[in-house]
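K.L.:
Take a look at the following structure, please.
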Amino acid sequence: MVRPSLSEKIELVILNRHRLSVTSLTVIGDLRGWVLSVEDEKRVKARRRMRGIATFFIVISLIGGVAAIGLFAIGRWELSADSVFDTALLVVGMLVSAVAAWNGSRFAAVFLILLLGLTPALAAMGQAETEVTDIVRSIIYIILALIMLISAIQYHRLSTQASQPLGGSSVLRWGGKVLMGMVIIFFGFGVGVLVFANNTAVADGRDLSQAHREWLVEREFLLPSEKPLYYYLDGLFSIDEGGTLLTDEYVGAWWQEDGNVESVWLELGQICRVDTLSEGSAFEDAIYSVHGPGDDNWVQLWLSIEDNMHKRLIAQMNLLNGRKMRSEIQMFCDENRPIDWTEVAAKNGISPDIVGSEDIKQEHIDWLFENEFLLSDERLMQFYSYGTYAISEGGSLLTDQYFGGWYKSGGEIESVWIEIGSICSIDPIETGRDAETDRYLLIGLDDAWIKLSLPGAGDQSEVLVEQVLAMNVEQMAQETRQSCDDAENASKTE
């Protein structure tokens, strides 16, 4: 065997080192390729998860939209404002965000999570009934959307590291952002309306806010003795824009006209018929025309159909009206002529005039004795009742000792009597609701007072007042006169 020379040994070492370098580079290249293939596989899997879940939401939204349209077309879906808003929000929002997420939009996945999470909350804020199945379905959808979001984030990170394009359509990604922004604005408006605006449905009278109650009482749309049963406000943010109110005594509506609040009211028990002018829809109110006796006695009610509360209001109104309807009023309904209260009172044995002791009916005298409005040592002089069905509704009585009257308040009979000789003043005040009556304010000592309704026809009220004042002057002591003057001066000072 021939030994290699020194120069040949040097060449052999150099050659071996070169081979080792080449082998090392090959191994390193193979490792780097393996790492890149693993990362690419992760990127592909992340994209498949993202697009698979997005495809699921696209299919669900399309099925939901087609089903809603189909149910509405065959009349199986009764539309309400809540159902229209919720369905439109879910279908459009889910479809747009799912399409954008399929094309790689992380914002779309975040939006979908918010949409699926806040929609049940919005329904609860709107006091809509939320089923357990709806909550469970929302939770499942939210979990899927979270997985889609995590996959989208991984896909973006791995694509950036590998210098790979995202794929999909950038136009759909950006177009989806614009549409989702519009949905967010629409959603925010809906939340704002539910939080800050008036109730959009006919509401139970027990839910009437204190501010709204005070507004109605101030304008005498709601009397202290009345109980509000149902109400509906036309205005979105203000009660004086218009509305409808049903109490246990009246039904009516108010509206704005030339800057003023106008209103019309019908007493329950005096409604002849109710006409449906419009059934309403999710986008417009139902309209009812409520008629009393005569051609000019009517009010129009505009009511939201949301949750069918409008039907409850109308049903309650008809129920109470039927209970309170009397045969005397039904006669005017049948004849379609305005109510003549004098005629009604006459049918119940009540005179429209002031009557003396010779003309008063014995049953009325017995009633006065029974309620201790007339005592055995008194002499009846003048009697008047403005009641239409019974004298217990209210009236006035003059005896040789007292002058005063009675009225009903909260279903109870109240009365005020001032002794002749202690009457400080009798002054005419505003006319009552009925133009056929005049009203007087009777004031006595010790803050005693009462508003009396007397017949407006002729001068009989003036004659009665003059008679009372003459009797009072004749029997008034000087100290009583001075007390009345002092009380009058004190009231003027205040």
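By order in the structure tokens, chains are A, B, ...; within a chain, residues start at 1; ligands start at 1, following the order shown.
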List the spatial neighbours of Ile391 (chain A) as a PyMOL selection string - criterion: any atom at most 10 Å away, only C-alpha atoms, same-chain residues fewer than 4 positions off excluded.

P.N.:
chain A and resi 345+348-351+364+367-368+384-387+395-396+406-407

K.L.:
Near region 58-67 of chain A, within 7 Å and counting only C-alpha atoms, which residues show up once chain neighbours fewer than 3 positions away are dropped, as a ChimeraX atom specification?

P.N.:
/A:54-55,70-71,91,94-95,98-99

K.L.:
Return the single residue from A:Ser357, A:Ser238, A:Asn321, A:Ser281 that is closest to Leu266 (chain A), with distances computed using only C-alpha atoms.

P.N.:
A:Asn321

K.L.:
Using DSSP on the backbone coordinates, identify all residues within region 438-471 of chain A classified as alpha helix (DSSP H); present the result as a ChimeraX atom specification.

P.N.:
/A:460-471

K.L.:
Against region 451-459 of chain A, which residues of region 387-446 of chain A fall within 7 Å? For each one I want the closest pair of atoms and the distance in Å (one decimal), counting only C-alpha atoms, rows by chain and increasing residue number, as a tab-separated table.

P.N.:
```
residue	atom	partner	partner_atom	distance
A:Ser396	CA	A:Leu452	CA	6.8
A:Gly405	CA	A:Leu452	CA	6.7
A:Glu436	CA	A:Gly456	CA	5.0
A:Thr437	CA	A:Gly456	CA	4.3
A:Asp438	CA	A:Gly456	CA	5.0
A:Arg439	CA	A:Ser453	CA	4.5
A:Tyr440	CA	A:Leu452	CA	5.2
A:Leu441	CA	A:Lys451	CA	4.6
A:Leu442	CA	A:Lys451	CA	6.2
```
